[in-house]
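What follows is the content of run-v4.csv, which has CSV, C-alpha atoms:
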chain,number,residue,atom,x,y,z
A,1,MET,CA,104.0,8.1,37.8
A,2,ALA,CA,101.0,10.2,38.1
A,3,ASN,CA,101.8,11.3,34.6
A,4,GLU,CA,102.0,7.8,33.5
A,5,GLU,CA,98.7,6.9,35.1
A,6,ASN,CA,97.0,9.9,33.6
A,7,LYS,CA,98.5,8.8,30.3
A,8,ASN,CA,97.2,5.3,30.7
A,9,VAL,CA,93.8,6.6,31.8
A,10,ASN,CA,93.6,8.9,28.7
A,11,GLU,CA,94.7,6.1,26.4
A,12,THR,CA,92.1,3.7,27.9
A,13,GLU,CA,89.4,6.4,27.6
A,14,GLU,CA,90.4,7.0,24.0
A,15,GLN,CA,90.3,3.3,23.2
A,16,GLU,CA,86.9,3.0,24.8
A,17,ALA,CA,85.7,6.0,22.8
A,18,VAL,CA,87.1,4.4,19.5
A,19,GLU,CA,85.5,1.1,20.4
A,20,THR,CA,82.2,2.8,21.1
A,21,GLU,CA,82.4,4.6,17.8
A,22,VAL,CA,83.3,1.3,16.0
A,23,ILE,CA,80.4,-0.5,17.8
A,24,ASP,CA,78.1,2.4,17.0
A,25,ALA,CA,79.3,2.5,13.3
A,26,ALA,CA,79.0,-1.2,12.8
A,27,PRO,CA,75.2,-1.4,13.1
A,28,ALA,CA,75.0,1.6,10.7
A,29,GLU,CA,77.2,-0.1,8.2
A,30,GLU,CA,75.3,-3.4,8.5
A,31,SER,CA,72.0,-1.5,8.1
A,32,GLU,CA,73.3,0.2,4.9
A,33,ALA,CA,74.6,-3.2,3.6
A,34,ASN,CA,71.2,-4.8,4.4
A,35,GLU,CA,69.4,-2.0,2.6
A,36,GLU,CA,71.7,-2.4,-0.4
A,37,GLY,CA,71.3,-6.2,-0.3
A,38,SER,CA,67.5,-5.8,0.0
A,39,GLU,CA,67.4,-3.4,-3.0
A,40,LYS,CA,69.6,-5.8,-5.0
A,41,LEU,CA,67.5,-8.8,-4.0
A,42,ALA,CA,64.3,-6.9,-5.0
A,43,GLN,CA,65.8,-6.0,-8.3
A,44,LEU,CA,67.0,-9.5,-8.9
A,45,GLU,CA,63.5,-10.8,-8.0
A,46,GLN,CA,61.9,-8.4,-10.4
A,47,GLU,CA,64.3,-9.4,-13.2
A,48,LYS,CA,63.6,-13.1,-12.5
A,49,ASN,CA,59.8,-12.5,-12.7
A,50,GLU,CA,60.2,-10.5,-16.0
A,51,MET,CA,62.3,-13.4,-17.4
A,52,GLN,CA,59.7,-15.9,-16.4
A,53,GLU,CA,57.0,-13.9,-18.0
A,54,ARG,CA,59.1,-13.6,-21.2
A,55,LEU,CA,59.7,-17.3,-21.2
A,56,LEU,CA,56.0,-18.1,-20.8
A,57,ARG,CA,55.1,-15.7,-23.6
A,58,LEU,CA,57.8,-17.3,-25.9
A,59,GLN,CA,56.5,-20.8,-25.1
A,60,ALA,CA,52.9,-19.7,-25.8
A,61,GLU,CA,54.0,-18.1,-29.1
A,62,TYR,CA,55.9,-21.3,-30.1
A,63,ASP,CA,52.8,-23.4,-29.3
A,64,ASN,CA,50.6,-21.1,-31.4
A,65,PHE,CA,53.2,-21.2,-34.2
A,66,ARG,CA,53.3,-25.0,-34.1
A,67,LYS,CA,49.5,-25.4,-34.1
A,68,ARG,CA,49.2,-22.9,-36.9
A,69,THR,CA,51.8,-24.6,-39.1
A,70,GLN,CA,50.1,-28.0,-38.4
A,71,LYS,CA,46.7,-26.6,-39.5
A,72,GLU,CA,48.3,-25.1,-42.6
A,73,LYS,CA,49.9,-28.5,-43.4
A,74,GLU,CA,46.6,-30.2,-43.0
A,75,ALA,CA,44.8,-27.7,-45.2
A,76,ALA,CA,47.5,-28.0,-47.8
A,77,SER,CA,47.2,-31.7,-47.8
A,78,LYS,CA,43.4,-31.6,-47.8
A,79,TYR,CA,43.2,-29.2,-50.7
A,80,ARG,CA,46.3,-30.2,-52.7
A,81,SER,CA,44.4,-31.1,-55.8
A,82,GLN,CA,42.5,-27.8,-56.0
A,83,ASP,CA,44.8,-26.2,-58.6
A,84,LEU,CA,44.7,-29.2,-60.9
A,85,ALA,CA,40.9,-29.4,-60.5
A,86,GLU,CA,40.5,-25.7,-61.4
A,87,ALA,CA,42.7,-26.2,-64.5
A,88,LEU,CA,40.6,-29.3,-65.6
A,89,LEU,CA,37.1,-27.9,-65.0
A,90,PRO,CA,37.0,-26.2,-68.5
A,91,VAL,CA,38.0,-29.5,-70.0
A,92,VAL,CA,35.1,-31.2,-68.2
A,93,ASP,CA,32.7,-28.4,-69.3
A,94,ASN,CA,33.8,-28.8,-72.9
A,95,LEU,CA,33.3,-32.6,-72.8
A,96,ASP,CA,29.8,-32.1,-71.3
A,97,ARG,CA,28.9,-29.7,-74.1
A,98,ALA,CA,30.3,-32.0,-76.7
A,99,LEU,CA,28.3,-34.9,-75.4
A,100,GLN,CA,25.1,-32.8,-75.3
A,101,THR,CA,25.4,-31.9,-79.0
A,102,VAL,CA,26.4,-35.3,-80.2
A,103,GLN,CA,24.0,-36.9,-82.6
A,104,GLU,CA,23.5,-40.6,-82.3
A,105,GLU,CA,24.7,-41.9,-85.6
A,106,GLU,CA,26.2,-45.2,-86.4
A,107,ALA,CA,29.1,-43.6,-88.2
A,108,ASN,CA,30.5,-41.8,-85.2
A,109,LYS,CA,29.3,-44.2,-82.4
A,110,GLY,CA,32.9,-45.3,-81.6
A,111,PHE,CA,34.1,-41.7,-81.4
A,112,VAL,CA,31.2,-40.7,-79.1
A,113,ASP,CA,31.8,-43.8,-76.9
A,114,GLY,CA,35.5,-42.8,-76.6
A,115,ILE,CA,34.5,-39.3,-75.5
A,116,ARG,CA,32.0,-40.6,-73.0
A,117,MET,CA,34.7,-43.0,-71.6
A,118,VAL,CA,37.3,-40.1,-71.2
A,119,HIS,CA,34.6,-37.9,-69.6
A,120,ARG,CA,33.7,-40.7,-67.1
A,121,GLN,CA,37.3,-41.4,-66.2
A,122,LEU,CA,37.9,-37.7,-65.6
A,123,LEU,CA,34.8,-37.5,-63.3
A,124,ASP,CA,36.0,-40.7,-61.5
A,125,ALA,CA,39.4,-39.1,-60.9
A,126,PHE,CA,37.7,-36.0,-59.5
A,127,GLU,CA,35.6,-38.2,-57.2
A,128,LYS,CA,38.7,-40.0,-55.9
A,129,GLN,CA,40.2,-36.6,-55.0
A,130,GLY,CA,37.0,-35.5,-53.2
A,131,ILE,CA,35.8,-33.2,-56.0
A,132,GLU,CA,32.1,-33.4,-56.6
A,133,ALA,CA,29.5,-31.4,-58.5
A,134,VAL,CA,27.2,-29.0,-56.6
A,135,GLU,CA,23.6,-30.0,-56.6
A,136,THR,CA,21.4,-27.3,-58.3
A,137,VAL,CA,18.0,-27.8,-59.9
A,138,GLY,CA,15.2,-28.0,-57.4
A,139,GLN,CA,17.5,-27.0,-54.5
A,140,PRO,CA,17.1,-23.8,-52.5
A,141,PHE,CA,19.3,-21.0,-53.7
A,142,ASP,CA,22.5,-20.9,-51.6
A,143,PRO,CA,24.9,-17.9,-52.4
A,144,HIS,CA,27.8,-20.0,-51.1
A,145,LEU,CA,27.2,-22.7,-53.7
A,146,HIS,CA,25.3,-21.0,-56.5
A,147,GLN,CA,25.8,-17.9,-58.6
A,148,ALA,CA,22.5,-16.5,-59.8
A,149,VAL,CA,22.8,-15.0,-63.3
A,150,MET,CA,19.1,-14.9,-64.1
A,151,GLN,CA,15.7,-14.8,-62.3
A,152,VAL,CA,12.6,-16.3,-63.8
A,153,GLU,CA,9.0,-16.8,-62.8
A,154,ASN,CA,8.1,-20.5,-62.8
A,155,ALA,CA,4.9,-21.8,-61.1
A,156,ASP,CA,6.4,-25.3,-60.9
A,157,TYR,CA,9.1,-24.2,-58.3
A,158,GLU,CA,9.0,-22.6,-54.9
A,159,PRO,CA,10.4,-19.0,-54.7
A,160,ASN,CA,14.1,-18.8,-54.3
A,161,THR,CA,14.6,-22.2,-55.8
A,162,VAL,CA,17.1,-23.1,-58.6
A,163,VAL,CA,15.2,-23.7,-61.8
A,164,GLN,CA,18.0,-24.3,-64.3
A,165,GLU,CA,21.8,-25.0,-64.2
A,166,LEU,CA,23.7,-23.0,-66.8
A,167,GLN,CA,27.2,-24.1,-65.7
A,168,LYS,CA,28.1,-26.8,-63.2
A,169,GLY,CA,29.7,-25.9,-59.9
A,170,TYR,CA,32.2,-28.0,-58.0
A,171,LYS,CA,33.3,-28.5,-54.5
A,172,LEU,CA,36.6,-30.0,-53.2
A,173,LYS,CA,35.6,-31.7,-49.9
A,174,ASP,CA,34.0,-28.7,-48.0
A,175,ARG,CA,35.4,-25.9,-50.1
A,176,VAL,CA,33.7,-24.5,-53.2
A,177,ILE,CA,36.1,-24.4,-56.1
A,178,ARG,CA,33.6,-22.9,-58.5
A,179,PRO,CA,30.0,-21.9,-57.8
A,180,ALA,CA,27.3,-23.2,-60.1
A,181,MET,CA,25.8,-20.6,-62.5
A,182,VAL,CA,22.0,-20.9,-62.2
A,183,GLN,CA,18.6,-19.4,-62.9
A,184,VAL,CA,16.5,-18.8,-59.8
A,185,ASN,CA,12.8,-18.7,-59.4
A,186,GLN,CA,11.5,-15.4,-58.0

Using the file provided, produce a representation of the structure as C-alpha cells.
Amino acid sequence: MANEENKNVNETEEQEAVETEVIDAAPAEESEANEEGSEKLAQLEQEKNEMQERLLRLQAEYDNFRKRTQKEKEAASKYRSQDLAEALLPVVDNLDRALQTVQEEEANKGFVDGIRMVHRQLLDAFEKQGIEAVETVGQPFDPHLHQAVMQVENADYEPNTVVQELQKGYKLKDRVIRPAMVQVNQ
C-alpha cells in the first residue's frame, strides 16, 4: 500500500507540475496571440488609412476632372464660331476694299448697293455671334489688340497712340481673333 500511496503522490505531483506548466504556458501563448493580433490590427489600420487617402485623392482628381471638362465645354460653346469667323475675315476685308474703291456712278449704283447690303449683313451676323472690330485710331497702342507695323511722327497724336489702321482687327467676346495692323505715333 505504501507503494500505491507513493504512486498516487507521484501522480498527483506530476499532475500539479503539468497543470503549473499549462497555467504558466497559457499566459505566454495569450501574450504571443495578443502581440500577433496587435500587429495585425496595426497593419489593418495602416491599410485602412492608406485606402482612405487613396479614395480622397481619387475623389479630388475626379472633381478636378469634372470642373476642367465643364470649363472646356463652356469655352467651346463660347468660342464655337471662331473658326468660321477666321475663315470669313478675308471676305470682309475684300468687301471693305471693294467699297473703298467704288466710284459713285449711276450705272453701277445697284451693284454697289448690293455689295453694301451683303457687307452689312455679314457684319450683323458677326455682331450676333459676339464678333466685333477692335478700336484703333486715336486709341493707346495695346500689343494685345494691335500689331504695330510702322511708326510715324505726328504732332496731332500723343506718343504711343494709334495713328492709322492698315487692317482691321477683330475680337470674339474677350478673345482676340486677329490683331489690328496699325501705325503708331512715336

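Remark: for Glu135 (chain A), the closest of the candidate residues A:Tyr170, A:Asn160, A:His119, A:Glu106 is A:Tyr170 (distances computed over all atoms listed in the file).
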
Inset, instruction - Mind giving me the straight-line distance from CA of Thr161 (chain A) to CA of Pro140 (chain A) in Å, one decimal? - result: 4.4 Å

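Using only C-alpha atoms, every residue with an atom at most 12 Å from the point (33.7, -27.8, -51.2) is listed here: Lys78, Tyr79, Gln82, Ala85, Gln129, Gly130, Ile131, Glu132, Ala133, Val134, Glu135, His144, Leu145, Gly169, Tyr170, Lys171, Leu172, Lys173, Asp174, Arg175, Val176, Ile177, Arg178, Pro179 and Ala180 of chain A.
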
Inset, instruction - May I ask which of the residues A:Ala107, A:Val102, A:Leu95, A:Leu55 is the closest one to Arg120 (chain A), counting all atoms listed in the file? - result: A:Leu95

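One distance worth recording is that between CA of Asp113 (chain A) and CA of Val182 (chain A), which is 28.9 Å.
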
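Using all atoms listed in the file, the contacts of Met150 (chain A) at a cut-off of 12 Å, with sequence neighbours closer than 5 positions omitted, comprise A:Asn160, A:Thr161, A:Val162, A:Val163, A:Gln164, A:Glu165, A:Leu166, A:Met181, A:Val182, A:Gln183, A:Val184, A:Asn185, A:Gln186.
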
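Computed from the coordinates, the CA of Leu123 (chain A) to CA of Val92 (chain A) distance equals 8.0 Å.
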